[in-house]
Structures are given as C-alpha cells and as structure tokens.
Amino acid sequence: FTETHQVVVDVGYGHGPEIAQRLEGSNIICNYQASPDEESFTASGALRLGVSEMTRFGMKKDDFHMLAELIKEVVVNGASVKDQVKSLRKSFYELQFCFRGDEYDDAFQKLHELL
C-alpha cells in the first residue's frame, strides 16, 4: 500500500543498478534505490518507479498492469521488451490534466480579474 506516486520494488541485494540498466535497454526508465536495510547505494537492491509521469500522459490502472507485466518479463525472465514498450507507449503521447490550445484563455482572463 502506498499513498505516493512512487513504487519501490525489491530486486535483491546489489542487483538494482544492473536491473535498472536492463529495464532502460527496454525503454523503461527507473532509478535504483537502496532499501532501508542496505548500507548504501552501492548495495542497492531496489528499484524506484515513479508513475506520475505516465499518469500525466493518460495511463490508467489497466495500462499499468500491462507495464508491470513487461517489467516482470525483463526482471524475472531476462527478456527484452523494447518493441512491446514502444507499442504500449504509442497510445500515450498527449499530456492529460492540463489546458490545451484556447482552453486556457478563459482561466487566464479570470486570473487577471482576480489581480
């Protein structure tokens, strides 16, 4: 359970940097992270995955389930999923939860009226 946009995945003592590099090779970007019981980042055995960026591009729960399966393929099975990641990402190129085109004109005018 988390109340943040970050997920931390335990990948085994000292394996964080190598697995993060393998994921990056499949176009999945994350950071390796030391867990609380590890002495430093040189022993990083966890990955930190931030989901807010892809949420801004419109990913929802089911999309993250698909992404999690792709991550599993890389981490557990040593697969390269670059083509599958590219295919999944094609649906998420337009920013969500923001103004587009002329949509901000009214809001901008209202802000000026408040000043």
# chains A, B, ... in the order shown; residues from 1 in each chain; ligands from 1
>>> residues_around(residues="stretch 50-56 of chain A", least_positions_apart="3", cutoff="6 Å", atoms="only C-alpha atoms", output="NGL selection string")
:A and (5-6 or 59 or 95-96)
>>> write_last_selection(atoms="N, CA, C and O atoms", output="short mmCIF file (atom, residue, chain, number, x, y, z; two decimals), in the first residue's frame")
data_model
loop_
_atom_site.label_atom_id
_atom_site.label_comp_id
_atom_site.auth_asym_id
_atom_site.auth_seq_id
_atom_site.Cartn_x
_atom_site.Cartn_y
_atom_site.Cartn_z
N HIS A 5 3.11 8.56 -5.42
CA HIS A 5 3.18 8.20 -6.83
C HIS A 5 4.38 7.31 -7.11
O HIS A 5 4.67 7.00 -8.25
N GLN A 6 5.09 6.90 -6.09
CA GLN A 6 6.27 6.07 -6.29
C GLN A 6 6.02 4.65 -5.77
O GLN A 6 5.33 4.45 -4.79
N MET A 59 -2.05 7.19 -18.79
CA MET A 59 -2.09 5.79 -18.38
C MET A 59 -3.03 5.62 -17.21
O MET A 59 -3.07 6.45 -16.30
N LEU A 95 -0.35 15.05 -23.38
CA LEU A 95 -0.49 15.34 -21.96
C LEU A 95 -1.95 15.46 -21.57
O LEU A 95 -2.76 16.05 -22.29
N GLN A 96 -2.28 14.93 -20.42
CA GLN A 96 -3.61 15.00 -19.86
C GLN A 96 -3.59 15.94 -18.66
O GLN A 96 -2.53 16.35 -18.19
#
>>> select_by_dssp(residues="stretch 3-33 of chain A", states="helix (DSSP H, G or I)", output="ChimeraX atom specification")
/A:16-25
>>> residues_around(residues="A:Leu49", least_positions_apart="4", cutoff="9 Å", atoms="only C-alpha atoms", output="list of chain:residue names")
A:His5, A:Gln6, A:Val7, A:Val8, A:Val9, A:Ile29, A:Cys30, A:Asn31, A:Tyr32
>>> write_last_selection(atoms="N, CA, C and O atoms", output="CSV table (one decimal), in the first residue's frame")
chain,number,residue,atom,x,y,z
A,5,HIS,N,3.1,8.6,-5.4
A,5,HIS,CA,3.2,8.2,-6.8
A,5,HIS,C,4.4,7.3,-7.1
A,5,HIS,O,4.7,7.0,-8.3
A,6,GLN,N,5.1,6.9,-6.1
A,6,GLN,CA,6.3,6.1,-6.3
A,6,GLN,C,6.0,4.7,-5.8
A,6,GLN,O,5.3,4.5,-4.8
A,7,VAL,N,6.6,3.7,-6.5
A,7,VAL,CA,6.6,2.3,-6.1
A,7,VAL,C,8.0,1.9,-5.9
A,7,VAL,O,8.8,2.1,-6.8
A,8,VAL,N,8.3,1.1,-4.9
A,8,VAL,CA,9.7,0.6,-4.7
A,8,VAL,C,9.6,-0.9,-4.8
A,8,VAL,O,8.7,-1.5,-4.1
A,9,VAL,N,10.4,-1.5,-5.6
A,9,VAL,CA,10.4,-2.9,-5.9
A,9,VAL,C,11.7,-3.5,-5.4
A,9,VAL,O,12.8,-3.1,-5.9
A,29,ILE,N,12.3,3.4,-17.9
A,29,ILE,CA,13.3,4.2,-17.1
A,29,ILE,C,12.9,4.2,-15.6
A,29,ILE,O,11.7,4.5,-15.3
A,30,CYS,N,13.8,3.8,-14.8
A,30,CYS,CA,13.6,3.8,-13.3
A,30,CYS,C,14.9,4.1,-12.7
A,30,CYS,O,16.0,4.3,-13.3
A,31,ASN,N,14.9,4.3,-11.3
A,31,ASN,CA,16.1,4.5,-10.6
A,31,ASN,C,16.4,3.3,-9.7
A,31,ASN,O,15.4,2.8,-9.1
A,32,TYR,N,17.6,3.0,-9.5
A,32,TYR,CA,17.9,2.0,-8.4
A,32,TYR,C,18.0,2.7,-7.1
A,32,TYR,O,18.3,3.9,-7.0
>>> atom_distance(atom1="atom CA of A:Val75", atom2="atom CA of A:Asn27")
13.4 Å
>>> select_by_dssp(residues="chain A", states="strand (DSSP E or B)", output="list in words")
Gln6, Val7, Val8, Val9, Asp10, Asn31, Tyr32, Gln33, Ala46, Leu47, Arg48, Leu49 and Gly50 of chain A
>>> closest_residue(among="A:Tyr13, A:Asn77, A:Gln21, A:Glu94", to="A:Glu39", atoms="only C-alpha atoms")
A:Tyr13
>>> atom_distance(atom1="atom CA of A:Ser26", atom2="atom CA of A:Ser91")
17.2 Å
>>> closest_residue(among="A:Gly14, A:Pro36, A:Gly25, A:Gly45", to="A:Val74", atoms="only C-alpha atoms")
A:Gly25
>>> closest_residue(among="A:Ser44, A:Ile28, A:Gln109, A:Lys61", to="A:Val81", atoms="only C-alpha atoms")
A:Ile28
>>> residues_around(residues="A:Ala46", least_positions_apart="4", cutoff="6 Å", atoms="only C-alpha atoms", output="PyMOL selection string")
chain A and resi 9-11+16+32-34
>>> write_last_selection(atoms="C-alpha atoms", output="PDB file, in the first residue's frame")
ATOM      1  CA  VAL A   9      10.375  -2.947  -5.877  1.00  0.00           C
ATOM      2  CA  ASP A  10      12.841  -5.235  -4.114  1.00  0.00           C
ATOM      3  CA  VAL A  11      15.063  -6.918  -6.724  1.00  0.00           C
ATOM      4  CA  GLY A  16      19.339  -2.634  -8.508  1.00  0.00           C
ATOM      5  CA  TYR A  32      17.909   2.012  -8.432  1.00  0.00           C
ATOM      6  CA  GLN A  33      17.449   2.620  -4.764  1.00  0.00           C
ATOM      7  CA  ALA A  34      18.945   1.331  -1.539  1.00  0.00           C
TER       8      ALA A  34
END
